[in-house]
>>> print(open('work.cif').read())   # mmCIF, C-alpha atoms
data_work
#
loop_
_atom_site.label_atom_id
_atom_site.label_comp_id
_atom_site.auth_asym_id
_atom_site.auth_seq_id
_atom_site.Cartn_x
_atom_site.Cartn_y
_atom_site.Cartn_z
CA MET A 134 -10.67 -14.98 -2.35
CA ALA A 135 -9.43 -14.75 1.26
CA VAL A 136 -7.03 -17.63 0.59
CA ILE A 137 -5.83 -15.98 -2.60
CA ARG A 138 -5.18 -12.77 -0.68
CA ARG A 139 -2.91 -14.74 1.64
CA LEU A 140 -0.91 -16.33 -1.21
CA PRO A 141 1.36 -13.30 -1.77
CA LYS A 142 2.11 -13.40 1.96
CA TYR A 143 3.09 -17.07 1.79
CA TYR A 144 5.15 -16.24 -1.24
CA ARG A 145 7.00 -13.47 0.64
CA TYR A 146 7.75 -15.60 3.67
CA LEU A 147 8.90 -18.54 1.58
CA SER A 148 11.18 -16.25 -0.39
CA ASP A 149 12.79 -15.09 2.88
CA LEU A 150 13.12 -18.67 4.15
CA SER A 151 14.71 -19.71 0.91
CA ASP A 152 17.12 -16.74 1.05
CA ALA A 153 18.01 -17.76 4.60
CA GLY A 154 18.89 -21.25 3.38
CA VAL A 155 15.92 -23.01 5.02
CA THR A 156 14.99 -26.06 2.92
CA ARG A 157 12.00 -27.40 4.81
CA ILE A 158 9.54 -26.13 7.37
CA SER A 159 6.63 -27.52 9.37
CA SER A 160 3.22 -25.89 9.24
CA LYS A 161 3.71 -25.06 12.94
CA GLU A 162 6.96 -23.15 12.36
CA LEU A 163 5.58 -21.38 9.30
CA ALA A 164 2.47 -20.47 11.29
CA MET A 165 4.54 -18.90 14.07
CA LYS A 166 6.50 -16.80 11.60
CA MET A 167 3.42 -15.64 9.75
CA GLY A 168 1.14 -15.05 12.72
CA LEU A 169 -1.35 -17.68 11.49
CA THR A 170 -2.35 -21.05 12.94
CA ALA A 171 -0.87 -24.31 11.67
CA SER A 172 -4.31 -25.63 10.78
CA GLN A 173 -5.11 -22.51 8.77
CA ILE A 174 -1.92 -22.99 6.78
CA ARG A 175 -2.69 -26.65 6.10
CA GLN A 176 -6.23 -25.72 5.10
CA ASP A 177 -5.06 -22.88 2.80
CA LEU A 178 -2.50 -25.00 1.03
CA ASN A 179 -4.87 -27.95 0.74
CA CYS A 180 -7.08 -25.68 -1.40
CA PHE A 181 -4.33 -25.83 -3.98
CA GLY A 182 -3.64 -29.53 -3.75
CA GLY A 183 -1.57 -30.04 -0.64
CA PHE A 184 2.24 -29.80 -1.01
CA GLY A 185 3.01 -30.93 2.57
CA GLN A 186 3.93 -34.37 3.85
CA GLN A 187 2.99 -35.59 7.30
CA GLY A 188 6.06 -35.69 9.53
CA TYR A 189 8.20 -33.88 6.98
CA GLY A 190 6.50 -30.55 6.56
CA TYR A 191 6.88 -28.45 3.46
CA ASP A 192 9.76 -28.36 1.03
CA VAL A 193 10.45 -24.61 0.91
CA ALA A 194 11.75 -24.46 -2.67
CA ASN A 195 8.91 -26.60 -4.06
CA LEU A 196 6.21 -24.70 -2.20
CA TYR A 197 7.72 -21.37 -3.21
CA SER A 198 7.76 -22.26 -6.89
CA ALA A 199 4.29 -23.85 -6.74
CA ILE A 200 2.76 -20.72 -5.19
CA GLY A 201 4.68 -18.57 -7.65
CA GLU A 202 3.13 -20.56 -10.45
CA ILE A 203 -0.38 -20.24 -9.01
CA LEU A 204 0.12 -16.48 -8.72
CA GLY A 205 1.63 -16.33 -12.17
CA VAL A 206 4.69 -14.35 -11.07
CA ASP A 207 6.65 -15.26 -14.16
CA ASN A 208 4.30 -13.26 -16.31
CA SER A 209 5.23 -9.89 -17.63
CA TYR A 210 1.93 -8.23 -18.35
CA PRO A 211 2.28 -4.97 -20.25
CA ALA A 212 0.66 -2.12 -18.32
CA VAL A 213 0.20 1.61 -18.61
CA LEU A 214 0.68 4.31 -16.00
CA VAL A 215 -1.87 7.11 -16.00
CA GLY A 216 -0.61 10.20 -14.20
CA CYS A 217 3.16 10.76 -14.22
CA GLY A 218 3.51 13.23 -11.34
CA ASN A 219 5.40 12.44 -8.14
CA LEU A 220 3.07 9.61 -7.16
CA GLY A 221 3.15 8.06 -10.63
CA LYS A 222 6.91 8.37 -10.70
CA ALA A 223 7.12 6.65 -7.31
CA ILE A 224 4.87 3.83 -8.50
CA ALA A 225 6.80 3.38 -11.74
CA LEU A 226 10.00 3.15 -9.70
CA PHE A 227 8.34 0.70 -7.37
CA VAL A 228 7.05 -1.55 -10.15
CA GLN A 229 10.55 -1.60 -11.61
CA SER A 230 12.26 -2.21 -8.27
CA SER A 231 10.06 -5.09 -7.15
CA GLN A 232 10.00 -8.45 -8.87
CA SER A 233 6.86 -7.35 -10.57
CA PRO A 234 4.72 -9.37 -12.96
CA PHE A 235 3.92 -6.09 -14.71
CA LYS A 236 5.98 -4.20 -17.21
CA MET A 237 5.15 -0.54 -17.53
CA ILE A 238 5.34 0.21 -21.25
CA ALA A 239 3.97 3.76 -21.38
CA GLY A 240 2.95 6.63 -19.15
CA PHE A 241 0.22 9.14 -19.89
CA ASP A 242 -0.22 12.68 -18.68
CA VAL A 243 -1.72 15.99 -19.79
CA ALA A 244 1.08 18.25 -18.49
CA SER A 245 2.94 19.73 -21.44
CA ASP A 246 6.26 19.67 -19.54
CA LEU A 247 5.95 15.87 -19.09
CA VAL A 248 4.54 14.75 -22.44
CA GLY A 249 7.37 13.75 -24.78
CA THR A 250 9.82 13.09 -21.95
CA SER A 251 10.40 9.72 -20.32
CA LEU A 252 10.18 8.25 -16.85
CA ASN A 253 12.94 5.69 -16.18
CA SER A 254 12.95 4.93 -19.91
CA ILE A 255 9.14 4.68 -20.07
CA PRO A 256 7.87 7.13 -22.72
CA ILE A 257 5.30 9.66 -21.51
CA LEU A 258 2.52 10.24 -24.04
CA HIS A 259 -0.40 12.64 -24.04
CA SER A 260 -3.52 11.30 -22.32
CA SER A 261 -5.55 11.85 -25.50
CA GLU A 262 -3.66 8.88 -27.04
CA ILE A 263 -4.55 6.50 -24.24
CA GLY A 264 -7.45 4.73 -25.99
CA SER A 265 -5.68 4.04 -29.26
CA PHE A 266 -2.47 3.00 -27.48
CA CYS A 267 -4.23 0.46 -25.24
CA CYS A 268 -6.21 -0.93 -28.15
CA LYS A 269 -3.16 -1.28 -30.41
CA ASN A 270 -0.99 -2.85 -27.68
CA GLU A 271 -3.76 -5.02 -26.23
CA ILE A 272 -3.25 -3.56 -22.77
CA LYS A 273 -5.27 -5.24 -20.02
CA ALA A 274 -3.80 -3.51 -16.93
CA ALA A 275 -3.47 0.10 -15.83
CA PHE A 276 -1.95 1.88 -12.85
CA LEU A 277 -3.96 4.96 -11.92
CA CYS A 278 -1.98 7.75 -10.26
CA LEU A 279 -3.91 10.75 -11.50
CA PRO A 280 -6.15 13.21 -9.62
CA THR A 281 -9.39 11.54 -8.52
CA GLU A 282 -11.59 14.02 -10.41
CA SER A 283 -10.03 13.03 -13.76
CA THR A 284 -10.20 9.31 -13.08
CA LYS A 285 -13.83 8.68 -14.03
CA LEU A 286 -13.27 9.71 -17.66
CA VAL A 287 -9.97 7.86 -17.98
CA VAL A 288 -11.44 4.64 -16.58
CA ALA A 289 -14.33 4.89 -19.07
CA GLN A 290 -11.84 5.17 -21.95
CA LEU A 291 -9.65 2.34 -20.66
CA TYR A 292 -12.61 0.06 -20.02
CA GLU A 293 -13.99 0.68 -23.50
CA LYS A 294 -10.67 -0.43 -24.99
CA GLY A 295 -10.62 -3.67 -23.00
CA VAL A 296 -8.61 -2.77 -19.89
CA ARG A 297 -10.07 -4.80 -16.99
CA TYR A 298 -7.32 -4.82 -14.34
CA PHE A 299 -6.65 -1.70 -12.33
CA CYS A 300 -4.14 -0.88 -9.66
CA ASN A 301 -5.90 2.17 -8.31
CA PHE A 302 -4.10 4.79 -6.24
CA THR A 303 -6.92 7.34 -6.65
CA HIS A 304 -10.07 7.61 -4.53
CA TYR A 305 -12.38 6.84 -7.44
CA ASN A 306 -14.46 3.74 -6.75
CA ILE A 307 -14.18 1.84 -10.05
CA ASN A 308 -16.34 -1.16 -9.14
CA ILE A 309 -19.50 0.87 -8.56
CA LYS A 310 -19.89 1.30 -12.32
CA TYR A 311 -17.67 -1.47 -13.71
CA LYS A 312 -18.69 -4.61 -11.85
CA ASP A 313 -16.40 -6.98 -13.76
CA ALA A 314 -13.27 -4.85 -13.43
CA VAL A 315 -10.65 -6.39 -11.14
CA VAL A 316 -9.39 -3.63 -8.89
CA GLU A 317 -6.68 -3.38 -6.27
CA ASN A 318 -7.11 -0.15 -4.36
CA VAL A 319 -3.87 0.95 -2.75
CA HIS A 320 -4.02 3.77 -0.25
CA ILE A 321 -0.60 4.30 1.26
CA THR A 322 -1.82 7.57 2.74
CA ASP A 323 -4.29 5.63 4.88
CA SER A 324 -1.34 3.86 6.50
CA LEU A 325 0.46 7.16 7.08
CA LEU A 326 -2.66 8.67 8.65
CA THR A 327 -3.28 5.64 10.87
CA LEU A 328 0.31 5.87 12.10
CA CYS A 329 -0.12 9.59 12.61
CA TYR A 330 -3.31 9.01 14.63
CA SER A 331 -1.42 6.70 17.00
CA MET A 332 1.38 9.23 17.49
CA ASN A 333 -1.12 11.98 18.00
CA ALA A 334 -3.20 9.98 20.50
CA LYS A 335 -0.02 9.19 22.46
CA ASN A 336 0.96 12.86 22.55
CA CYS A 337 -2.49 13.86 23.78
CA GLU A 338 -2.26 11.26 26.55
CA GLU A 339 1.11 12.57 27.64
CA ASN A 340 -0.04 16.18 27.61
CA GLU A 341 -3.03 15.31 29.75
CA ALA A 342 -0.93 13.32 32.23
CA MET B 232 -9.17 0.21 16.09
CA ALA B 233 -11.47 -0.84 13.21
CA VAL B 234 -13.17 2.57 13.42
CA ILE B 235 -9.81 4.32 13.46
CA ARG B 236 -8.76 2.36 10.38
CA ARG B 237 -11.82 3.75 8.59
CA LEU B 238 -11.10 7.37 9.54
CA PRO B 239 -8.55 7.94 6.75
CA LYS B 240 -11.15 6.64 4.31
CA TYR B 241 -13.75 9.12 5.60
CA TYR B 242 -11.11 11.80 5.37
CA ARG B 243 -10.39 10.93 1.71
CA TYR B 244 -14.03 10.93 0.69
CA LEU B 245 -14.79 14.16 2.52
CA SER B 246 -11.80 15.78 0.83
CA ASP B 247 -13.18 14.79 -2.57
CA LEU B 248 -16.68 16.00 -1.68
CA SER B 249 -15.27 19.29 -0.51
CA ASP B 250 -13.23 19.64 -3.73
CA ALA B 251 -16.41 18.94 -5.71
CA GLY B 252 -18.16 21.80 -3.91
CA VAL B 253 -20.51 19.60 -1.84
CA THR B 254 -21.29 21.36 1.45
CA ARG B 255 -23.51 18.82 3.16
CA ILE B 256 -24.28 15.15 2.84
CA SER B 257 -26.61 12.63 4.46
CA SER B 258 -25.27 9.45 6.04
CA LYS B 259 -27.18 7.55 3.34
CA GLU B 260 -25.46 9.37 0.45
CA LEU B 261 -22.07 9.10 2.11
CA ALA B 262 -22.69 5.38 2.71
CA MET B 263 -23.47 4.80 -0.96
CA LYS B 264 -20.31 6.54 -2.05
CA MET B 265 -18.13 4.69 0.43
CA GLY B 266 -19.68 1.25 0.13
CA LEU B 267 -20.73 1.24 3.79
CA THR B 268 -24.18 1.30 5.42
CA ALA B 269 -25.70 4.51 6.73
CA SER B 270 -26.01 3.05 10.22
CA GLN B 271 -22.35 2.06 10.25
CA ILE B 272 -21.40 5.62 9.37
CA ARG B 273 -23.60 7.07 12.11
CA GLN B 274 -22.17 4.57 14.58
CA ASP B 275 -18.55 5.28 13.56
CA LEU B 276 -18.94 9.03 13.82
CA ASN B 277 -20.84 8.78 17.09
CA CYS B 278 -17.70 7.20 18.57
CA PHE B 279 -16.08 10.59 18.14
CA GLY B 280 -18.95 12.68 19.44
CA GLY B 281 -21.50 12.84 16.64
CA PHE B 282 -21.13 15.71 14.11
CA GLY B 283 -24.40 14.97 12.29
CA GLN B 284 -27.83 16.55 12.69
CA GLN B 285 -31.06 14.68 12.13
CA GLY B 286 -32.70 15.84 8.89
CA TYR B 287 -29.68 17.89 7.88
CA GLY B 288 -26.91 15.33 7.59
CA TYR B 289 -23.26 16.22 7.90
CA ASP B 290 -21.60 19.52 7.18
CA VAL B 291 -18.79 18.40 4.88
CA ALA B 292 -16.26 21.10 5.81
CA ASN B 293 -16.83 20.67 9.56
CA LEU B 294 -16.66 16.90 9.47
CA TYR B 295 -13.56 17.01 7.28
CA SER B 296 -11.72 19.30 9.64
CA ALA B 297 -12.91 17.41 12.75
CA ILE B 298 -11.65 14.09 11.38
CA GLY B 299 -8.43 15.75 10.27
CA GLU B 300 -7.97 16.96 13.84
CA ILE B 301 -8.63 13.49 15.30
CA LEU B 302 -6.10 12.01 12.88
CA GLY B 303 -3.65 14.81 13.62
CA VAL B 304 -3.04 15.60 9.96
CA ASP B 305 -1.61 19.03 10.71
CA ASN B 306 1.36 17.48 12.43
CA SER B 307 4.72 17.29 10.77
CA TYR B 308 6.48 14.48 12.56
CA PRO B 309 10.14 14.22 11.66
CA ALA B 310 10.95 10.78 10.30
CA VAL B 311 13.87 8.88 8.85
CA LEU B 312 14.06 6.69 5.79
CA VAL B 313 16.15 3.54 6.07
CA GLY B 314 17.16 2.17 2.70
CA CYS B 315 17.50 4.67 -0.14
CA GLY B 316 17.33 2.35 -3.15
CA ASN B 317 14.54 2.46 -5.72
CA LEU B 318 11.85 1.54 -3.21
CA GLY B 319 13.09 4.06 -0.62
CA LYS B 320 13.30 6.72 -3.31
CA ALA B 321 9.72 5.93 -4.36
CA ILE B 322 8.51 6.17 -0.78
CA ALA B 323 10.35 9.44 -0.14
CA LEU B 324 8.75 10.85 -3.29
CA PHE B 325 5.39 9.57 -2.13
CA VAL B 326 5.65 11.06 1.34
CA GLN B 327 6.55 14.38 -0.25
CA SER B 328 3.80 14.21 -2.86
CA SER B 329 0.98 13.36 -0.48
CA GLN B 330 -0.29 15.70 2.17
CA SER B 331 1.73 13.77 4.65
CA PRO B 332 1.91 14.30 8.41
CA PHE B 333 5.53 13.13 8.20
CA LYS B 334 8.57 15.05 7.15
CA MET B 335 11.49 12.94 6.02
CA ILE B 336 14.57 14.62 7.47
CA ALA B 337 17.26 12.07 6.66
CA GLY B 338 17.85 8.89 4.71
CA PHE B 339 20.26 6.13 5.68
CA ASP B 340 22.03 3.59 3.54
CA VAL B 341 25.22 1.55 3.45
CA ALA B 342 25.93 1.93 -0.29
CA SER B 343 28.99 4.12 -0.77
CA ASP B 344 27.59 5.62 -3.99
CA LEU B 345 24.52 6.87 -2.07
CA VAL B 346 26.00 8.06 1.23
CA GLY B 347 26.82 11.76 1.05
CA THR B 348 24.36 12.42 -1.77
CA SER B 349 20.76 13.55 -1.30
CA LEU B 350 17.34 12.30 -2.24
CA ASN B 351 14.94 15.11 -3.17
CA SER B 352 16.93 17.38 -0.83
CA ILE B 353 16.94 14.78 1.98
CA PRO B 354 20.55 14.08 2.99
CA ILE B 355 21.64 10.43 2.82
CA LEU B 356 23.84 9.43 5.75
CA HIS B 357 25.66 6.19 6.50
CA SER B 358 23.58 3.63 8.39
CA SER B 359 26.17 3.51 11.18
CA GLU B 360 25.02 7.02 12.21
CA ILE B 361 21.38 6.03 12.56
CA GLY B 362 21.33 5.61 16.35
CA SER B 363 23.03 8.87 17.22
CA PHE B 364 20.99 10.78 14.64
CA CYS B 365 17.65 9.52 15.94
CA CYS B 366 18.65 10.17 19.53
CA LYS B 367 19.86 13.72 18.82
CA ASN B 368 16.83 14.63 16.71
CA GLU B 369 14.30 12.84 18.94
CA ILE B 370 13.00 10.80 16.02
CA LYS B 371 9.94 8.70 16.79
CA ALA B 372 9.07 7.42 13.30
CA ALA B 373 10.96 5.46 10.66
CA PHE B 374 10.18 4.26 7.13
CA LEU B 375 11.84 0.92 6.45
CA CYS B 376 12.70 0.26 2.80
CA LEU B 377 15.78 -1.90 3.22
CA PRO B 378 16.33 -5.61 2.51
CA THR B 379 14.42 -7.79 4.98
CA GLU B 380 17.56 -9.57 6.22
CA SER B 381 19.11 -6.28 7.42
CA THR B 382 15.93 -5.05 9.07
CA LYS B 383 16.18 -6.93 12.37
CA LEU B 384 19.40 -5.16 13.39
CA VAL B 385 18.20 -1.74 12.24
CA VAL B 386 14.92 -2.06 14.15
CA ALA B 387 16.85 -3.03 17.31
CA GLN B 388 18.98 0.14 16.98
CA LEU B 389 16.01 2.37 16.26
CA TYR B 390 13.95 0.91 19.10
CA GLU B 391 16.80 1.38 21.56
CA LYS B 392 16.94 5.08 20.65
CA GLY B 393 13.22 5.57 21.21
CA VAL B 394 11.72 5.06 17.75
CA ARG B 395 8.29 3.44 18.26
CA TYR B 396 6.42 4.12 14.99
CA PHE B 397 7.31 2.17 11.90
CA CYS B 398 6.03 2.29 8.36
CA ASN B 399 7.37 -1.06 7.29
CA PHE B 400 7.84 -1.99 3.63
CA THR B 401 10.03 -5.00 4.46
CA HIS B 402 8.83 -8.52 5.36
CA TYR B 403 10.31 -8.39 8.87
CA ASN B 404 7.61 -8.86 11.49
CA ILE B 405 8.48 -6.10 14.01
CA ASN B 406 5.71 -6.78 16.53
CA ILE B 407 6.86 -10.31 17.34
CA LYS B 408 9.74 -8.88 19.37
CA TYR B 409 8.63 -5.30 20.00
CA LYS B 410 5.08 -5.56 21.30
CA ASP B 411 4.62 -1.84 21.97
CA ALA B 412 5.88 -0.68 18.58
CA VAL B 413 3.15 0.77 16.37
CA VAL B 414 3.61 -0.70 12.92
CA GLU B 415 1.94 -0.15 9.57
CA ASN B 416 3.01 -2.91 7.21
CA VAL B 417 2.66 -1.85 3.61
CA HIS B 418 3.00 -4.52 0.96
CA ILE B 419 2.28 -3.03 -2.43
CA THR B 420 3.69 -6.16 -4.04
CA ASP B 421 0.85 -8.18 -2.48
CA SER B 422 -1.60 -6.04 -4.45
CA LEU B 423 0.40 -6.52 -7.65
CA LEU B 424 0.49 -10.29 -7.12
CA THR B 425 -3.22 -10.49 -6.32
CA LEU B 426 -3.97 -8.61 -9.53
CA CYS B 427 -1.58 -10.87 -11.40
CA TYR B 428 -3.31 -13.96 -9.98
CA SER B 429 -6.65 -12.75 -11.36
CA MET B 430 -5.18 -12.08 -14.81
CA ASN B 431 -3.48 -15.43 -14.77
CA ALA B 432 -6.61 -17.31 -13.67
CA LYS B 433 -8.59 -15.62 -16.43
CA ASN B 434 -5.99 -16.61 -19.04
CA CYS B 435 -6.03 -20.23 -17.85
CA GLU B 436 -9.82 -20.28 -18.11
CA GLU B 437 -9.69 -18.94 -21.65
CA ASN B 438 -7.03 -21.42 -22.70
CA GLU B 439 -9.09 -24.30 -21.33
CA ALA B 440 -12.27 -23.08 -23.00
#
>>> encode(input="work.cif", output="structure tokens")
Amino acid sequence: MAVIRRLPKYYRYLSDLSDAGVTRISSKELAMKMGLTASQIRQDLNCFGGFGQQGYGYDVANLYSAIGEILGVDNSYPAVLVGCGNLGKAIALFVQSSQSPFKMIAGFDVASDLVGTSLNSIPILHSSEIGSFCCKNEIKAAFLCLPTESTKLVVAQLYEKGVRYFCNFTHYNINIKYKDAVVENVHITDSLLTLCYSMNAKNCEENEA
Amino acid sequence: MAVIRRLPKYYRYLSDLSDAGVTRISSKELAMKMGLTASQIRQDLNCFGGFGQQGYGYDVANLYSAIGEILGVDNSYPAVLVGCGNLGKAIALFVQSSQSPFKMIAGFDVASDLVGTSLNSIPILHSSEIGSFCCKNEIKAAFLCLPTESTKLVVAQLYEKGVRYFCNFTHYNINIKYKDAVVENVHITDSLLTLCYSMNAKNCEENEA
């Protein structure tokens, strides 16, 4: 799983190299760019059947498309957004702006001023319809941007209807109850707070000096 | 730094406990909720001077406010957004929607249809003004949501004017050149691709079966 977690990073760097017109790269050069070691790169890519040639290095375009295929980037998995407030709106925008393998096909909320409207052309439905919608449209993936305290119930409904893949922006720990759910927890606020801590620590230092 | 990286997580869980009306909690209960061990929690919090009492546990409100103070959550650091496309817009929305210690005071872009407009009441200025703006307003923090290939130049300008804290959504590796810059790299797409990989792997398995 650690190798798999590094694949999107390889994919990003190879995309940049390709954009910059680089056609081949040695494991040493790629390692320097990515902050890894050359042997780690060779080992990672060997897991998936090699790709490199001794003395030549890697063909950027080939490696890029091979990793893309392993990741399945050409898919367009239908997904639902639960919670269409500012965070949900931001995430919907993000999923649309990135070359995302997910296609948001509906949003759900309980707020009467949101239900019936749309979010970047995604219809917003009432949360009470979530189960029947996911069942009917064979939804497997959901983006959770609702308040943490409402998440438990929503996850139970989604899981019952066959949703197993969650991009979770709430604090609810899905895997405690649903062991076979595949969950990516994304906590942007943690990054903001870590940055804030560093600024704060620096200020304290300066005030004491 | 590993302890510091866990502080936002403690902060999140304590916020939820507090919202749920929980007033005190043992390290064991907190550990179960957070997926850590009780001894790790005691060790982490001891780094910052304790807070717990044997046989009583932790006072949720006290611990929450103490960790908030360590993180410096009550700050409102002025920050700039570079790149006001869909991703930048999403991030600006996010920073406004979360209880963020940052206040976005200006956005910068080169697109003529964006410059002069505003983004959720944040004025969008031309990127050529970025240096003078940051200098004049003593900006220390920047959110980078622009194309990777333009990032190098922008970071050089920002760094020269004293910006040292970066929330980086691009693929540009800031720390290679600027060792003392404090950088949080946020790659939401990596999470999407990891989730996609799992869905894809599952589909392949089913097709082979």
>>> atom_distance(input="work.cif", atom1="atom CA of Arg255 of chain B", atom2="atom CA of Leu279 of chain A")
25.8 Å
>>> closest_residue(input="work.cif", among="A:Lys161, A:Lys335, A:Lys142, A:Lys310", to="chain B", atoms="all atoms listed in the file")
A:Lys142
>>> residues_around(input="work.cif", residues="segment 203-206 of chain A", least_positions_apart="6", cutoff="12 Å", atoms="only C-alpha atoms", output="PyMOL selection string")
(chain A and resi 136-145+178+180-182+196-197+231-236) or (chain B and resi 420-435)
>>> atom_distance(input="work.cif", atom1="atom CA of Leu226 of chain A", atom2="atom CA of Ala212 of chain A")
13.8 Å
>>> resolve_selection(input="work.cif", expression="the PyMOL selection byres ((chain B and resi 345) around 12)", output="compact mmCIF listing (two decimals) with C-alpha atoms, in the frame of the given file")
# COMPACT_ATOMS: atom_id res chain seq x y z
CA GLY B 314 17.16 2.17 2.70
CA CYS B 315 17.50 4.67 -0.14
CA GLY B 316 17.33 2.35 -3.15
CA ASN B 317 14.54 2.46 -5.72
CA GLY B 319 13.09 4.06 -0.62
CA LYS B 320 13.30 6.72 -3.31
CA GLY B 338 17.85 8.89 4.71
CA PHE B 339 20.26 6.13 5.68
CA ASP B 340 22.03 3.59 3.54
CA VAL B 341 25.22 1.55 3.45
CA ALA B 342 25.93 1.93 -0.29
CA SER B 343 28.99 4.12 -0.77
CA ASP B 344 27.59 5.62 -3.99
CA VAL B 346 26.00 8.06 1.23
CA GLY B 347 26.82 11.76 1.05
CA THR B 348 24.36 12.42 -1.77
CA SER B 349 20.76 13.55 -1.30
CA LEU B 350 17.34 12.30 -2.24
CA ILE B 353 16.94 14.78 1.98
CA PRO B 354 20.55 14.08 2.99
CA ILE B 355 21.64 10.43 2.82
CA LEU B 356 23.84 9.43 5.75
CA HIS B 357 25.66 6.19 6.50
CA SER B 358 23.58 3.63 8.39
>>> atom_distance(input="work.cif", atom1="atom CA of Leu277 of chain A", atom2="atom CA of Tyr146 of chain A")
28.3 Å
>>> closest_residue(input="work.cif", among="A:Gly188, A:Gly168, A:Gly295, A:Gly264", to="chain B", atoms="only C-alpha atoms")
A:Gly168
>>> residues_around(input="work.cif", residues="Ile307 of chain A", least_positions_apart="5", cutoff="10 Å", atoms="all atoms listed in the file", output="PyMOL selection string")
chain A and resi 284-285+288-289+299+301+312-318
>>> write_last_selection(input="work.cif", atoms="C-alpha atoms", output="compact mmCIF listing (two decimals), keeping the file's coordinate frame")
# COMPACT_ATOMS: atom_id res chain seq x y z
CA THR A 284 -10.20 9.31 -13.08
CA LYS A 285 -13.83 8.68 -14.03
CA VAL A 288 -11.44 4.64 -16.58
CA ALA A 289 -14.33 4.89 -19.07
CA PHE A 299 -6.65 -1.70 -12.33
CA ASN A 301 -5.90 2.17 -8.31
CA LYS A 312 -18.69 -4.61 -11.85
CA ASP A 313 -16.40 -6.98 -13.76
CA ALA A 314 -13.27 -4.85 -13.43
CA VAL A 315 -10.65 -6.39 -11.14
CA VAL A 316 -9.39 -3.63 -8.89
CA GLU A 317 -6.68 -3.38 -6.27
CA ASN A 318 -7.11 -0.15 -4.36
>>> closest_residue(input="work.cif", among="A:Ile238, A:Ala225, A:Leu169, A:Ile272", to="chain B", atoms="only C-alpha atoms")
A:Ala225
>>> closest_residue(input="work.cif", among="B:Gln388, B:Ser359, B:Gln274, B:Asn351", to="Ala373 of chain B", atoms="all atoms listed in the file")
B:Gln388
>>> closest_residue(input="work.cif", among="A:Ser265, A:Ser159, A:Ser148, A:Ser198", to="chain B", atoms="all atoms listed in the file")
A:Ser148
>>> build_atoms(input="work.cif", residues="segment 410-422 of chain B", atoms="N, CA and C atoms", output="compact mmCIF listing (two decimals), in the frame of the given file")
# COMPACT_ATOMS: atom_id res chain seq x y z
N LYS B 410 6.54 -5.54 21.16
CA LYS B 410 5.08 -5.56 21.30
C LYS B 410 4.48 -4.16 21.30
N ASP B 411 5.21 -3.18 21.85
CA ASP B 411 4.62 -1.84 21.97
C ASP B 411 4.93 -0.95 20.77
N ALA B 412 5.63 -1.48 19.78
CA ALA B 412 5.88 -0.68 18.58
C ALA B 412 4.58 -0.58 17.78
N VAL B 413 4.33 0.59 17.21
CA VAL B 413 3.15 0.77 16.37
C VAL B 413 3.62 0.64 14.92
N VAL B 414 3.08 -0.35 14.24
CA VAL B 414 3.61 -0.70 12.92
C VAL B 414 2.51 -0.69 11.86
N GLU B 415 2.79 -0.02 10.76
CA GLU B 415 1.94 -0.15 9.57
C GLU B 415 2.76 -0.91 8.53
N ASN B 416 2.34 -2.13 8.24
CA ASN B 416 3.01 -2.91 7.21
C ASN B 416 2.37 -2.60 5.87
N VAL B 417 3.19 -2.18 4.93
CA VAL B 417 2.66 -1.85 3.61
C VAL B 417 3.30 -2.77 2.58
N HIS B 418 2.47 -3.57 1.93
CA HIS B 418 3.00 -4.52 0.96
C HIS B 418 2.34 -4.32 -0.39
N ILE B 419 2.86 -3.33 -1.12
CA ILE B 419 2.28 -3.03 -2.43
C ILE B 419 2.40 -4.24 -3.35
N THR B 420 3.49 -4.98 -3.18
CA THR B 420 3.69 -6.16 -4.04
C THR B 420 2.55 -7.16 -3.89
N ASP B 421 1.99 -7.26 -2.67
CA ASP B 421 0.85 -8.18 -2.48
C ASP B 421 -0.30 -7.80 -3.41
N SER B 422 -0.53 -6.49 -3.55
CA SER B 422 -1.60 -6.04 -4.45
C SER B 422 -1.27 -6.40 -5.90
